[in-house]
Structures are given as C-alpha cells and as structure tokens.
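Remarks on the structure that follows.
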Amino acid sequence: MSEKPDSYESAVERLEQIIDRLDSGQAGLRETLDLCREGRDLVTYCTAELDAVGESLRELKLDELAAKLDSSTG
Amino acid sequence: MQLIGEITGLRHTAKQTYFELRDREGAVPCTIWANDLSRLKLPEGALRDGAEFVAGGGPDYFIGSATSSPGFSFRVTQLRLAGEGDLLARLEALRKQLRAEGLFELQKQLGRALLPRTIGVVTAESGAARRDLLAGLERRGWRGTLVWAFAPVQDRHAAPAIAAAIQGLAAQPSVDAIVVTRGGGSLADLWAFCDETLCRTVAMLRVPVISAVGHERDSTLIDDVAAVACSTPTHAAEAAVPLDCEAARGDLRRVLAGLRRAAEGTVRARTPHLVHLAGGPARALARQRSALNQKTREIRAASERGLAVRLDFQWRVAGVVLARAGRRAVGAEAERRRVALHRAAVALRAHEPERTLERGYALVEDTAGEPVSAAAAARAAGRVKLRFADGSVGARIEEE
C-alpha cells in the first residue's frame with residue numbers, strides 16, 4: 001500500500017497509473033487486488049477532498065480571518 | 001521640451017504658480033506665469049496635487065532676491081492633462097523593464113492547486129465583478145472558503161491599498177490562490193493595476209495571483225506579472241478552480257466502477273481453472289477406488305475357484321516371459337518410452353494442485369476433506385478448510 005496522497009493532483013496521477021497497469025492485463029491476481037484496494041482508497045480520498053469544497057460556500061473578510069488566526073494562536 | 005509627471009506641492013501666488021512634476025525617478029521644480037496659466041483654460045480643478053500632467057517649456061534660472069535664493073526651474077508655457085497616449089507610452093516602458101528583469105515569469109512558475117480549499121479575492125466591495133466571480137465559482141461546483149479583501153480599485157491612488165490587500169491575503173497560510181478583479185474602464189481608471197510597486201509585489205509572491213482586470217481589450221501590467229490573466233471574473237473563477245468539481249465527481253464514480261470490475265474480473269477469470277483444480281483430487285480418488293474394487297473382485301473370484309495358486313504360478317511364468325521380451329525390446333524403443341514418460345511426469349507435475357497452491361492459490365475443502373468448488377456448496381457447508389501450500393486452516397462462511 002502506498003502512503004496517503006498529499007494532494008488531489010498526486011492522488012489522481014496515481015489513480016491513472018493504477019488504471020493503466022490494470023488495463024495492461026499484466027498484473028497478477030495479488031497485484032490486481034492490491035491495486036484495486038489502493039485505487040479505492042484514492043477514490044475515497046479524492047471524494048473527501050471534493051466534499052470539503054462541495055457543501056456550502058463560506059465567505060470571510062480578510063480581517064475576520066486574521067483575527068481568528070490571532071485568537072487561535074494567542 | 002516636454003515633461004510628464006504627477007503634480008505635487010502646488011502653490012499659487014498672484015504672479016506665478018509653483019509645483020513639482022514628479023515620477024519615480026525624481027522631481028523637477030516648475031513655474032508658470034499666472035497669465036500663461038489662465039490662457040491655457042484648464043478645466044476647473046484639473047490642476048491639483050496628484051494629477052498627471054504633461055508640461056512643455058524650457059529651463060529657467062532665477063537670479064535670487066532679498067527674500068529668495070537663486071535657483072533653476074522648468075518654465076512651463078504649455079500644460080495639459082496626461083492622456084491615454086501618454087499613459088500607454090509610460091506603460092510600455094515599464095512593461096519592457098519588468099519583462100527584462102524576468103518578473104513576468106516568476107508567478108507563472110508557481111504550481112496551482114487543482115482543487116483549492118481557500119481562495120482570496122481582492123475587489124471592490126460593491127460591483128459586478130464580485131457577483132460574476134461568485135457565479136463562476138458556483139458553476140464550477142466549488143463551495144470552499146472565500147476570503148474577501150475589499151479595496152478601492154479606481155485610478156492610480158488605489159494601488160497601495162490593493163497591494164496591501166494582496167499581501168494580507170498572501171500572508172494567510174490557508175489561502176491557496178488570490179484573484180484580483182474589477183470591471184472595465186479607461187486606462188486611467190485601471191491605472192492602479194499598472195502601478196510598478198503593486199506589480200513588483202505581485203511578481204514576488206509565492207501564492208499564485210489570478211488577475212481579471214478590465215475587459216478583454218484592456219491590458220494592465222498586473223496581467224503580465226500574474227500567474228494567469230483572465231478577461232472576465234467568470235474566467236478568473238475557472239482559473240482559480242481548474243477542476244470542474246461536478247465533472248470530477250462523475251469521473252471518480254466511473255473510476256470506482258472500473259476498479260470494481262477489474263477486481264471481480266480477475267477473480268472470475270481464474271475461477272474455472274480453480275474449479276478444475278479443485279476437482280482433480282476427487283477424480284483421482286474415484287479412479288483409484290474403482291481400480292481397487294476391480295482387483296478385489298478378481299482376487300475373490302480366483303480364490304473361490306481354487307485357482308489362486310495356479311494363477312500365481314502362471315503370473316510368475318508370465319512375468320519371466322515378459323521380462324525376457326522386455327530385455328529384447330531394450331534399445332531405441334525403450335529410450336523413446338523413457339523420454340515420453342519423463343515428459344508426461346513434467347507435464348503432470350505442472351498440473352498438480354500443490355504447484356498451484358505454491359503460486360498463492362488456496363483450495364476450499366469441506367470438513368471431510370472433499371473439495372468445495374462452488375459458492376452454493378460453500379454456503380451449504382458452513383464450515384470449510386482452506387488448503388494452502390504450507391497447510392490448512394479452518395474457515396467459516398459468512399454472507400456479506
């Protein structure tokens with residue numbers, strides 16, 4: 001199993017590699033099952049990333065954001 | 001001779017008007033006679049501090065007086081508000097300089113997130129640009145966090161406030177990209193976005209800036225230094241969120257279905273082979289059992305007829321005869337058979353279930369050791385044994 005991806009881009013890139021490998025038909029049983037499991041984890045990650053920007057738009061003013069950060073660090 | 005610059009230190013006396021014409025290189029003291037100034041008929045209030053003017057005239061020297069020091073100044077005889085053409089000429093010079101310094105490339109080398117979580121926006125608090133940007137983001141299906149940094153966006157005096165807003169956003173670690181936008185206008189209206197300090201600030205930021213200032217035909221300097229220049233706020237929304245979130249959801253669903261198919265397909269493709277292997281031991285046992293039964297019957301029949309002893313003698317005679325015949329046959333024929341037998345043994349070994357098990361497959365057997373080769377049979381058995389190359393383990397069938 002690979003580690004958790006660090007961005008949506010890298011997750012998608014790895015998914016494409018997995019699909020290419022599966023499409024090649026060269027992966028054996030064990031590898032196929034491992035790749036499918038890894039692929040499912042990546043899809044779950046990407047879906048969570050999309051969900052994070054898919055629920056409701058949040059609008060802040062810059063000074064509100066700065067004040068919030070100050071209070072959380074202070 | 002003509003000078004172009006911003007009026008500063010404007011001061012009127014009865015006879016003369018004094019001011020400095022300033023640009024980023026420095027300032028030149030200027031004077032104009034009151035009657036020259038009134039002859040020019042400048043619009044009311046046009047000559048003021050901060051206004052951009054073109055002055056024509058030549059050098060003048062004041063020899064000094066009891067109350068004033070001697071000094072050089074620029075004696076102005078012509079004076080007009082700087083027009084679009086003057087601004088364009090200055091813009092082109094500045095553009096050339098910033099390009100030569102490589103400042104147009106810095107932002108373009110920054111990586112942009114396909115799916116930013118937080119976007120900073122510098123724009124006017126009221127205006128169509130704000131509404132259009134929101135509509136563009138909605139169309140992308142993006143509903144993350146927007147951080148507004150409102151700033152005046154009209155004429156050159158807005159530049160420091162815009163630069164401060166951009167820097168404020170860039171200082172927030174959560175901000176993934178910054179959009180700077182306003183609607184169209186004259187070059188003078190958009191002049192803040194050609195400000196040298198502002199553009200140098202943007203060029204040096206490590207957060208990508210997406211500019212959408214003015215309309216398609218307007219070309220401000222911030223468009224050149226930004227990571228991406230867009231013609232409208234709607235396009236800026238698309239540039240800020242390169243991923244179409246709705247389409248991406250569809251893609252992920254398709255990928256997931258493909259992965260499921262691949263996993264199921266690979267198991268299904270191997271199932272017939274596994275089923276065949278699973279049947280192998282049972283078939284071999286059945287053959288052996290049948291052969292054994294046959295022998296038992298023959299022996300029983302022979303002993304019943306009391307011929308067992310003679311039969312044994314005859315078998316021994318037959319054995320001797322066969323051995324003699326065998327010795328005669330030694331040679332090419334025997335060698336051919338030996339080779340064929342060896343081949344058969346190799347081929348057989350390749351099909352032995354144990355070989356398959358060594359490659360990572362497992363055989364499913366019921367508790368009596370009979371192979372289970374179908375899901376229905378496994379379900380009926382309830383408890384099964386999984387036979388691996390290195391031994392067996394018990395297992396219980398559970399329905400998902």
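How things are named: the first chain in the structure tokens is A, the next is B, and so on; residues count from 1 in each chain; ligands count from 1 in the order shown.
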With the cut-off set at 8 Å and counting only C-alpha atoms, tabulate each residue of chain B with an atom at most that distance from an atom of chain A, showing the nearest atom pair and its distance in Å to one decimal, ordered by chain and increasing number, as a tab-separated table.
residue	atom	partner	partner_atom	distance
B:Ala113	CA	A:Glu9	CA	7.6
B:Leu114	CA	A:Glu9	CA	6.4
B:Leu115	CA	A:Tyr8	CA	6.9
B:Arg117	CA	A:Val53	CA	6.2
B:Gly141	CA	A:Gly54	CA	6.7
B:Trp142	CA	A:Val53	CA	5.6
B:Arg143	CA	A:Leu57	CA	4.1
B:Gly144	CA	A:Val53	CA	4.1
B:Thr145	CA	A:Arg58	CA	4.6
B:Leu146	CA	A:Glu59	CA	4.8
B:Val147	CA	A:Leu60	CA	4.7
B:Trp148	CA	A:Lys61	CA	4.6
B:Ala149	CA	A:Leu62	CA	5.2
B:Gly168	CA	A:Leu62	CA	7.4
B:Leu169	CA	A:Leu62	CA	6.8
B:Gln172	CA	A:Ala66	CA	7.5
B:Cys245	CA	A:Leu50	CA	6.7
B:Arg249	CA	A:Thr47	CA	7.1
B:Leu252	CA	A:Val43	CA	6.2
B:Val255	CA	A:Val43	CA	7.8
B:Leu256	CA	A:Arg40	CA	6.5
B:Leu259	CA	A:Cys36	CA	5.5
B:Arg260	CA	A:Cys36	CA	7.2
B:Ala262	CA	A:Leu22	CA	7.0
B:Ala263	CA	A:Leu33	CA	5.8
B:Thr266	CA	A:Leu29	CA	6.5
B:Val267	CA	A:Leu29	CA	7.3
All helix (DSSP H, G or I) positions in segment 102-239 of chain B, as a PyMOL selection string: chain B and resi 107-109+128-140+156-170+191-194+196-204+221-225+233-239
Between B:Cys30, B:Glu298, B:Ala248, B:Arg90, which one has atoms that come closest to Tyr61 of chain B, using only C-alpha atoms?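 Once distances to Tyr61 of chain B are computed over only C-alpha atoms, the minimum belongs to B:Cys30.
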